[in-house]
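Text of protein.cif, listed as mmCIF, C-alpha atoms:
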data_target
#
loop_
_atom_site.label_atom_id
_atom_site.label_comp_id
_atom_site.auth_asym_id
_atom_site.auth_seq_id
_atom_site.Cartn_x
_atom_site.Cartn_y
_atom_site.Cartn_z
CA MET E 1 164.41 185.98 107.00
CA SER E 2 166.07 186.17 103.61
CA PHE E 3 167.47 189.48 102.50
CA VAL E 4 166.97 190.31 98.83
CA ASN E 5 168.82 193.30 97.43
CA HIS E 6 167.27 193.97 94.03
CA ASN E 7 169.68 196.80 93.26
CA LYS E 8 172.76 194.67 93.80
CA LYS E 9 170.96 191.51 92.64
CA GLU E 10 171.86 189.52 95.72
CA VAL E 11 169.97 187.12 97.92
CA ASN E 12 171.13 186.18 101.38
CA CYS E 13 169.54 183.21 103.12
CA LYS E 14 170.03 181.68 106.56
CA ILE E 15 170.21 177.92 107.01
CA VAL E 16 170.45 176.40 110.49
CA TYR E 17 171.72 172.94 111.31
CA TYR E 18 169.81 171.64 114.32
CA GLY E 19 169.93 168.40 116.25
CA PRO E 20 171.12 166.65 119.40
CA GLY E 21 174.55 167.12 120.87
CA LEU E 22 177.41 165.35 119.07
CA GLY E 23 175.08 164.41 116.23
CA GLY E 24 177.26 165.84 113.47
CA LYS E 25 176.09 169.40 112.90
CA THR E 26 179.53 170.97 113.15
CA THR E 27 181.03 168.08 111.19
CA ASN E 28 178.64 168.88 108.35
CA ILE E 29 179.72 172.47 107.94
CA GLN E 30 183.36 171.65 108.54
CA TYR E 31 183.12 169.33 105.55
CA VAL E 32 181.38 172.00 103.48
CA TYR E 33 184.15 174.43 104.41
CA LYS E 34 186.84 171.92 103.51
CA LYS E 35 185.37 171.19 100.09
CA THR E 36 184.53 174.73 99.10
CA SER E 37 187.09 176.75 97.20
CA GLY E 38 188.34 180.08 98.50
CA ASP E 39 186.20 182.06 96.06
CA ASN E 40 182.99 180.51 97.34
CA LYS E 41 183.44 180.72 101.07
CA GLY E 42 184.23 183.16 103.84
CA ASN E 43 185.89 182.51 107.17
CA MET E 44 184.37 179.77 109.26
CA ILE E 45 183.58 181.04 112.73
CA LYS E 46 183.48 178.50 115.54
CA LEU E 47 182.43 179.64 118.98
CA ASN E 48 183.13 176.56 121.04
CA THR E 49 184.46 175.25 124.31
CA GLU E 50 187.93 173.93 125.00
CA ASN E 51 186.85 170.41 124.11
CA GLU E 52 185.40 171.52 120.80
CA ARG E 53 181.72 171.43 121.77
CA THR E 54 179.76 174.26 120.16
CA LEU E 55 179.14 176.96 122.74
CA PHE E 56 177.16 179.57 120.85
CA PHE E 57 177.19 178.85 117.12
CA ASP E 58 179.31 177.93 114.13
CA PHE E 59 178.96 180.16 111.11
CA LEU E 60 180.02 179.74 107.49
CA PRO E 61 179.12 182.17 104.69
CA LEU E 62 178.87 180.51 101.28
CA GLU E 63 178.69 182.35 98.00
CA LEU E 64 177.32 179.84 95.54
CA GLY E 65 177.17 181.74 92.31
CA GLU E 66 174.25 183.16 90.39
CA ILE E 67 170.75 182.02 89.79
CA ARG E 68 168.71 184.00 87.26
CA GLY E 69 171.06 186.94 87.59
CA TYR E 70 171.02 187.00 91.40
CA LYS E 71 174.12 186.23 93.45
CA THR E 72 173.17 183.68 96.07
CA ARG E 73 174.71 183.71 99.51
CA PHE E 74 173.85 181.15 102.12
CA HIS E 75 174.74 181.75 105.74
CA LEU E 76 175.13 178.39 107.46
CA TYR E 77 174.75 178.25 111.22
CA THR E 78 174.86 175.38 113.67
CA VAL E 79 173.31 175.48 117.11
CA PRO E 80 174.89 173.98 120.23
CA GLY E 81 173.30 170.61 120.77
CA GLN E 82 173.80 170.06 124.49
CA VAL E 83 170.57 170.29 126.44
CA PHE E 84 171.49 173.26 128.61
CA TYR E 85 172.15 175.62 125.68
CA GLU E 86 168.46 176.10 124.96
CA ALA E 87 168.60 179.91 125.25
CA SER E 88 171.33 180.09 122.62
CA ARG E 89 169.44 177.80 120.26
CA LYS E 90 166.44 180.11 120.39
CA LEU E 91 168.57 183.08 119.35
CA ILE E 92 170.19 181.30 116.42
CA LEU E 93 166.80 180.22 115.07
CA ARG E 94 165.65 183.80 114.58
CA ALA E 95 164.95 184.70 110.97
CA VAL E 96 165.79 181.20 109.76
CA ASP E 97 165.02 180.43 106.10
CA GLY E 98 165.83 176.73 106.01
CA LEU E 99 166.54 173.96 108.49
CA ILE E 100 168.60 170.79 108.39
CA PHE E 101 167.84 168.43 111.25
CA VAL E 102 170.90 166.28 111.78
CA ALA E 103 169.73 163.13 113.56
CA ASP E 104 172.16 160.73 115.19
CA SER E 105 171.27 157.31 113.78
CA GLN E 106 172.75 155.34 116.67
CA LEU E 107 170.14 153.20 118.45
CA GLU E 108 170.77 154.73 121.85
CA LYS E 109 170.35 158.30 120.53
CA MET E 110 166.69 158.06 119.51
CA GLU E 111 165.42 159.76 122.66
CA ALA E 112 167.95 162.56 122.23
CA ASN E 113 166.78 163.02 118.63
CA ILE E 114 163.15 163.23 119.75
CA GLU E 115 163.94 165.66 122.54
CA SER E 116 165.89 167.89 120.17
CA LEU E 117 163.14 167.82 117.55
CA ASP E 118 160.49 168.63 120.13
CA GLY E 119 162.66 171.55 121.26
CA LEU E 120 162.99 172.77 117.68
CA GLU E 121 159.24 172.69 117.17
CA LYS E 122 158.63 174.51 120.43
CA ASN E 123 161.26 177.19 119.74
CA LEU E 124 159.88 177.83 116.27
CA THR E 125 156.31 178.07 117.56
CA GLU E 126 157.41 180.57 120.21
CA GLN E 127 158.84 182.74 117.46
CA GLY E 128 155.70 182.57 115.39
CA TYR E 129 156.89 180.00 112.85
CA ASP E 130 154.98 176.96 111.64
CA ILE E 131 157.51 174.15 111.19
CA SER E 132 155.40 172.60 108.45
CA LYS E 133 155.87 175.75 106.37
CA ILE E 134 159.64 176.15 106.72
CA PRO E 135 161.99 174.40 104.28
CA LEU E 136 163.19 171.43 106.33
CA VAL E 137 165.39 168.48 105.41
CA PHE E 138 166.28 165.57 107.65
CA GLN E 139 169.71 164.01 107.65
CA TRP E 140 170.08 160.51 109.07
CA ASN E 141 173.72 160.85 110.05
CA LYS E 142 176.30 158.29 111.20
CA ARG E 143 175.06 155.58 108.86
CA ASP E 144 178.63 154.31 108.79
CA LEU E 145 178.42 153.12 112.41
CA PRO E 146 177.25 149.70 113.55
CA ASN E 147 174.01 149.47 115.58
CA VAL E 148 172.06 152.19 113.84
CA THR E 149 168.30 152.56 113.71
CA PRO E 150 166.84 151.58 110.32
CA CYS E 151 165.96 154.62 108.24
CA GLU E 152 162.30 153.56 108.08
CA ASP E 153 162.11 153.82 111.87
CA LEU E 154 163.82 157.20 111.89
CA GLU E 155 161.32 158.39 109.30
CA LYS E 156 158.39 157.09 111.29
CA ARG E 157 159.47 158.56 114.60
CA LEU E 158 160.97 161.85 113.50
CA ASN E 159 159.80 162.93 110.04
CA LYS E 160 156.20 163.83 110.85
CA TRP E 161 155.99 166.21 107.90
CA GLY E 162 157.16 163.97 105.08
CA SER E 163 160.12 166.27 104.50
CA PRO E 164 162.99 165.20 102.24
CA SER E 165 165.59 163.10 104.02
CA TYR E 166 169.06 161.86 103.23
CA GLU E 167 171.33 159.25 104.69
CA ALA E 168 174.73 160.54 105.62
CA ALA E 169 178.06 159.86 107.21
CA ALA E 170 179.20 163.44 107.62
CA ILE E 171 182.58 162.39 108.99
CA ASN E 172 183.37 161.09 105.49
CA GLY E 173 181.37 163.75 103.70
CA ASP E 174 178.70 161.29 102.55
CA GLY E 175 175.32 162.98 102.20
CA VAL E 176 176.55 166.38 103.34
CA PHE E 177 176.19 168.27 100.09
CA GLU E 178 173.12 166.33 99.04
CA THR E 179 171.34 167.54 102.18
CA LEU E 180 172.55 171.09 101.79
CA LYS E 181 171.59 171.19 98.12
CA GLU E 182 168.07 170.02 98.88
CA VAL E 183 167.43 172.61 101.58
CA SER E 184 168.97 175.32 99.41
CA LYS E 185 166.58 174.46 96.59
CA LEU E 186 163.61 174.56 98.95
CA VAL E 187 164.74 177.90 100.40
CA LEU E 188 165.16 179.46 96.96
CA MET E 189 161.77 178.19 95.84
CA ASN E 190 160.22 179.67 98.96
CA LEU E 191 161.92 183.03 98.59
CA LYS E 192 159.76 186.07 98.19
CA GLY E 193 160.99 189.44 96.91
CA GLY E 194 162.05 191.72 99.75
CA LEU E 195 163.94 194.97 100.41
CA MET F 1 165.80 203.55 96.71
CA SER F 2 167.68 200.61 98.21
CA VAL F 3 168.16 200.29 101.95
CA GLU F 4 171.90 200.67 101.48
CA LYS F 5 171.59 203.92 99.51
CA THR F 6 169.07 205.27 102.02
CA LEU F 7 171.39 204.53 104.93
CA LEU F 8 174.43 206.02 103.21
CA GLU F 9 172.47 209.15 102.37
CA HIS F 10 171.50 209.50 106.02
CA PHE F 11 175.07 208.82 107.21
CA SER F 12 176.25 211.70 105.06
CA LYS F 13 173.77 214.02 106.78
CA ILE F 14 175.33 213.48 110.22
CA ASP F 15 177.27 216.67 110.86
CA PHE F 16 180.37 214.90 112.09
CA PRO F 17 182.70 213.36 109.51
CA ILE F 18 183.52 209.67 109.72
CA PRO F 19 187.22 209.22 108.84
CA ASP F 20 188.03 206.65 106.20
CA LYS F 21 190.80 205.11 108.29
CA GLY F 22 190.60 203.51 111.69
CA LEU F 23 186.83 203.67 111.98
CA THR F 24 184.10 201.62 110.36
CA LEU F 25 180.41 202.20 110.90
CA LEU F 26 178.15 199.26 110.06
CA ALA F 27 174.38 199.12 109.88
CA ILE F 28 173.42 195.50 110.56
CA SER F 29 170.02 193.88 110.39
CA ALA F 30 168.84 191.95 113.42
CA GLU F 31 169.43 188.79 111.34
CA GLY F 32 173.11 189.58 110.91
CA GLN F 33 173.13 191.00 107.37
CA VAL F 34 175.32 194.06 106.89
CA LEU F 35 173.05 196.64 105.26
CA ALA F 36 175.60 199.41 104.76
CA GLN F 37 179.08 200.44 105.80
CA MET F 38 180.89 203.76 106.02
CA GLY F 39 184.43 204.81 106.87
CA GLU F 40 187.24 202.29 106.49
CA GLU F 41 185.86 199.61 104.18
CA LYS F 42 185.86 195.99 105.25
CA LYS F 43 186.19 193.23 102.66
CA SER F 44 183.05 191.34 101.63
CA ASN F 45 183.97 188.07 103.39
CA GLU F 46 184.94 189.89 106.56
CA LEU F 47 181.65 191.80 106.47
CA GLN F 48 179.57 188.64 106.51
CA SER F 49 181.41 187.26 109.52
CA LEU F 50 181.28 190.62 111.31
CA GLY F 51 177.55 190.87 110.70
CA ALA F 52 176.88 187.38 112.07
CA LEU F 53 179.09 187.83 115.13
CA LEU F 54 177.90 191.32 116.03
CA ALA F 55 174.24 190.36 115.62
CA GLY F 56 174.84 187.21 117.67
CA VAL F 57 176.55 189.16 120.44
CA TRP F 58 173.74 191.71 120.38
CA GLN F 59 171.03 189.07 120.54
CA ALA F 60 172.74 187.39 123.49
CA SER F 61 172.99 190.75 125.26
CA GLU F 62 169.31 191.40 124.62
CA ALA F 63 168.50 188.05 126.20
CA LEU F 64 170.67 188.93 129.22
CA LYS F 65 168.68 192.14 129.67
CA ASP F 66 165.70 190.02 130.70
CA PHE F 67 167.56 189.24 133.90
CA MET F 68 167.67 192.92 134.87
CA SER F 69 164.81 194.23 136.95
CA ASP F 70 164.99 197.98 136.20
CA GLU F 71 162.90 198.49 133.04
CA GLN F 72 164.10 202.02 132.42
CA GLU F 73 167.77 201.15 132.70
CA LYS F 74 167.32 198.30 130.24
CA ASP F 75 166.37 200.57 127.36
CA ASP F 76 169.43 202.75 127.52
CA LEU F 77 172.11 200.07 127.31
CA LYS F 78 175.00 200.15 124.86
CA LEU F 79 177.47 197.36 124.28
CA ASN F 80 181.21 198.12 124.43
CA PHE F 81 184.22 195.88 123.96
CA GLN F 82 187.27 198.10 123.90
CA ASN F 83 190.54 199.31 125.32
CA ALA F 84 191.87 202.88 125.28
CA HIS F 85 192.34 202.97 121.50
CA SER F 86 190.47 200.16 119.77
CA GLY F 87 187.34 198.15 120.02
CA TYR F 88 183.68 197.71 119.19
CA LEU F 89 180.69 199.78 120.18
CA LEU F 90 177.14 198.66 119.45
CA LEU F 91 174.07 200.85 119.63
CA PRO F 92 170.71 199.33 120.41
CA PRO F 93 167.97 199.43 117.77
CA SER F 94 165.81 202.53 118.03
CA GLU F 95 162.02 202.50 118.26
CA LYS F 96 161.76 203.75 114.69
CA ASN F 97 164.20 201.13 113.40
CA PRO F 98 163.86 198.09 115.65
CA LYS F 99 165.59 195.82 113.16
CA ILE F 100 168.82 197.77 112.68
CA ILE F 101 171.88 197.66 114.93
CA PHE F 102 174.63 200.23 114.44
CA ALA F 103 178.13 199.00 115.16
CA PHE F 104 181.38 200.97 115.31
CA ILE F 105 184.68 199.20 114.83
CA PHE F 106 187.62 201.42 115.66
CA GLU F 107 191.37 200.93 115.75
CA ASN F 108 194.22 203.10 116.99
CA GLN F 109 192.03 206.03 117.77
CA THR F 110 193.67 208.62 119.97
CA ASN F 111 190.30 209.96 121.01
CA PRO F 112 187.78 207.17 121.55
CA GLY F 113 185.48 209.73 123.13
CA LYS F 114 184.98 211.02 119.60
CA ILE F 115 183.50 207.63 118.67
CA LYS F 116 180.93 207.89 121.41
CA HIS F 117 180.11 211.41 120.25
CA ILE F 118 179.52 210.18 116.67
CA ALA F 119 177.53 207.25 118.06
CA GLY F 120 175.31 209.67 119.93
CA LYS F 121 174.67 211.68 116.78
CA ILE F 122 173.87 208.53 114.81
CA ARG F 123 171.47 207.43 117.50
CA ASP F 124 169.69 210.79 117.63
CA HIS F 125 169.41 210.94 113.86
CA PHE F 126 167.97 207.45 113.44
CA ASN F 127 165.60 207.86 116.36
CA SER F 128 163.64 210.26 114.18
CA ILE F 129 163.39 208.51 110.81
CA GLU F 130 162.20 205.12 109.67
CA ILE F 131 164.49 203.26 107.28
CA LEU F 132 162.93 199.82 106.80
CA LYS F 133 159.42 200.69 105.80
CA LYS F 134 157.18 198.77 103.42
CA GLU F 135 157.26 200.32 99.98
CA ASN F 136 154.09 200.52 97.90
CA GLY F 137 153.64 197.31 95.99
CA GLU F 138 156.37 195.52 97.92
CA LYS F 139 157.12 192.33 96.10
CA GLU F 140 155.36 189.43 97.80
CA GLU F 141 155.42 186.95 94.94
CA PHE F 142 158.02 184.19 94.78
CA LEU F 143 161.32 185.48 93.47
CA PHE F 144 162.33 182.26 91.70
CA LYS F 145 159.42 180.37 90.22
CA ASN F 146 159.93 176.81 89.02
CA ILE F 147 163.60 176.46 89.86
CA THR F 148 165.02 173.54 87.92
CA GLU F 149 167.37 170.85 89.16
CA ASP F 150 169.92 172.08 86.62
CA GLU F 151 169.93 175.55 88.10
CA VAL F 152 170.52 174.20 91.61
CA ASP F 153 173.13 171.74 90.30
CA LYS F 154 175.08 174.64 88.82
CA LEU F 155 175.22 176.37 92.20
CA PHE F 156 176.80 173.30 93.71
CA SER F 157 178.95 172.25 90.78
CA PHE F 158 182.09 173.17 92.75
CA ALA F 159 181.29 170.29 95.14
CA GLY F 160 181.16 167.73 92.35
CA ILE F 161 177.57 166.63 93.02
#
Go ahead and express the file in the form of structure tokens.
Amino acid sequence: MSFVNHNKKEVNCKIVYYGPGLGGKTTNIQYVYKKTSGDNKGNMIKLNTENERTLFFDFLPLELGEIRGYKTRFHLYTVPGQVFYEASRKLILRAVDGLIFVADSQLEKMEANIESLDGLEKNLTEQGYDISKIPLVFQWNKRDLPNVTPCEDLEKRLNKWGSPSYEAAAINGDGVFETLKEVSKLVLMNLKGGL
Amino acid sequence: MSVEKTLLEHFSKIDFPIPDKGLTLLAISAEGQVLAQMGEEKKSNELQSLGALLAGVWQASEALKDFMSDEQEKDDLKLNFQNAHSGYLLLPPSEKNPKIIFAFIFENQTNPGKIKHIAGKIRDHFNSIEILKKENGEKEEFLFKNITEDEVDKLFSFAGI
């Protein structure tokens, strides 16, 4: 849930990167961190295992500048993608303002994408959210690899809501900021005045 | 009055001074936003990370509580991570303020028992008053109507897109 401080003229919004394990969620925010200057970013927190798999969450605070006199801060989180971290994913989704679903475009990962998306929908419903009403952007990641599912098929099988989608190869940075920019715009447009 | 000003006003009413060195008191929303701080000030970037981590740790602890069978014991839990002089102490949200976690960060304190004493006073004080209440005419309309592509482009101009 976004936090609007009218006295200080600040908005703080939470964006969560969701998707199957090893799909590119952490790679996305690592790229954002790399490309953001010191003034715009805070420390990147990575809570992960010895072999670099996300254990609890990654977190990156971004200060993007002002919009209509309000300082905008986006808090980027990733969830752990491995199947058995379901309890942690539920916690990270609390009070989410915007979602980026990072799908792994490789042919053999379609079932994992579907399972992850079903889990997202279920977790949101349990917390009283309607996924069709939350700013959501799909990222078809790993387009640089051979043997990837055509984007039309990914759209048909995953994007039930006609949400914006972007092709990406997060390892090279392709599509990373485009995706983030789109969800940020949707979040800001959806923002209501608060505290 | 803003939430921050309200909290700071209430902090100043606690009849036990919070030193401005070696102890930081944070009021954090359940979503990880730092609402107010008192004592030794943390820098803005540090605050955001602290808020996210402390809220995350708290949420995980709350989830672990579900595995305990004694209902009464569950409600009285605090969360400590400390040695004899330094550490973190988190207080659970009170009934009146279910969306606020109070966190103490202390370093090189010769009397950590004092921290627990202050924590107890904070807890008692905020058990009796409601901080996050709906104000009359709370703004429910969209904050930014008709955002343009140019406005969003400017936010991301540092990324060259």
Give me, as a PyMOL selection string, the contact residues of chain E against chain F at a cut-off of 8 Å, counting all atoms listed in the file.
chain E and resi 1+3+5-7+12+35-37+41-43+45+59-61+64-68+88+91-92+94-95+177-178+181+185+188-195
Could you tell me, as a list in words, exactly which residues end up selected when the PyMOL selection byres ((chain F and resi 130) around 10) is applied to this structure?
Ser94, Glu95, Lys96, Asn97, Pro98, Phe126, Asn127, Ser128, Ile129, Ile131, Leu132 and Lys133 of chain F
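Here atom CA of Ala36 of chain F is placed at a distance of 12.3 Å from atom CA of Lys8 of chain E.
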If you apply the PyMOL selection byres ((chain F and resi 11) around 12) to this file, what residues do you get, as a ChimeraX atom specification?
/F:4-10,12-18,24-27,36-39,102,118-119,121-126,131
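Note that the spacing between atom CA of Ser86 of chain F and atom CA of Asn48 of chain E amounts to 24.7 Å.
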Here's the selection I'm unsure about, the PyMOL selection byres ((chain F and resi 80) around 12); applied to the file above, which residues does it give, as number ranges by chain?
F: 54, 57-58, 61, 77-79, 81-84, 86-92, 103-106, 112, 115-116, 119
So that I can check the surroundings of Leu22 of chain E, please list as JSON, numbers by chain every protein, DNA and RNA residue that reaches within 9 Å of it, counting all atoms listed in the file and ignoring chain neighbours fewer than 6 positions away.
{"E": [53, 81, 82, 104]}
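Residue nearest Asp130 of chain E, chosen from E:Met44, E:Val16, E:Ala170, E:Val96 and counting all atoms listed in the file: E:Val96.
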So, counting only C-alpha atoms, which residue among F:Gly51, F:Glu41, F:Val34, F:Ile100 is closest to Gly22 of chain F?
F:Glu41
Put a box with edges along x, y and z around all the listed atoms of segment 140-152 of chain F, pad it by 8 Å on each side, then give me its centre and sizes in Å, one decimal, as AutoDock Vina command-line options.
--center_x 162.9 --center_y 180.1 --center_z 92.2 --size_x 31.2 --size_y 34.6 --size_z 27.2
Would you please work out which residue, of E:Leu186, E:Cys13, E:Leu47, E:Leu158, is nearest to Glu111 of chain E when using all atoms listed in the file?
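Closest candidate: E:Leu158.
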Just the number, please: distance in Å from atom CA of Phe101 of chain E to atom CA of Gln139 of chain E, one decimal.
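Value for the atom CA of Phe101 of chain E-atom CA of Gln139 of chain E distance: 6.0 Å.
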Write out as a PDB file with C-alpha atoms, in the frame of the given file the residues lying within 10 Å of Asn123 of chain E, counting all atoms listed in the file and excluding same-chain residues fewer than 6 positions away.
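Listing of part13.pdb after writing:
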ATOM      1  CA  GLU E  86     168.460 176.100 124.960  1.00  0.00           C
ATOM      2  CA  ALA E  87     168.600 179.910 125.250  1.00  0.00           C
ATOM      3  CA  ARG E  89     169.440 177.800 120.260  1.00  0.00           C
ATOM      4  CA  LYS E  90     166.440 180.110 120.390  1.00  0.00           C
ATOM      5  CA  LEU E  91     168.570 183.080 119.350  1.00  0.00           C
ATOM      6  CA  LEU E  93     166.800 180.220 115.070  1.00  0.00           C
ATOM      7  CA  ARG E  94     165.650 183.800 114.580  1.00  0.00           C
ATOM      8  CA  LEU E 117     163.140 167.820 117.550  1.00  0.00           C
ATOM      9  CA  TYR E 129     156.890 180.000 112.850  1.00  0.00           C
ATOM     10  CA  ILE E 131     157.510 174.150 111.190  1.00  0.00           C
TER      11      ILE E 131
END
Would you list the residues near (176.2, 161.6, 110.8), meaning any protein, DNA or RNA residue with an atom at most 7 Å from that point in file coordinates, counting all atoms listed in the file, as a list in words?
Gly23, Gly24, Asp104, Trp140, Asn141, Lys142, Arg143, Ala168, Ala169, Ala170 and Ile171 of chain E
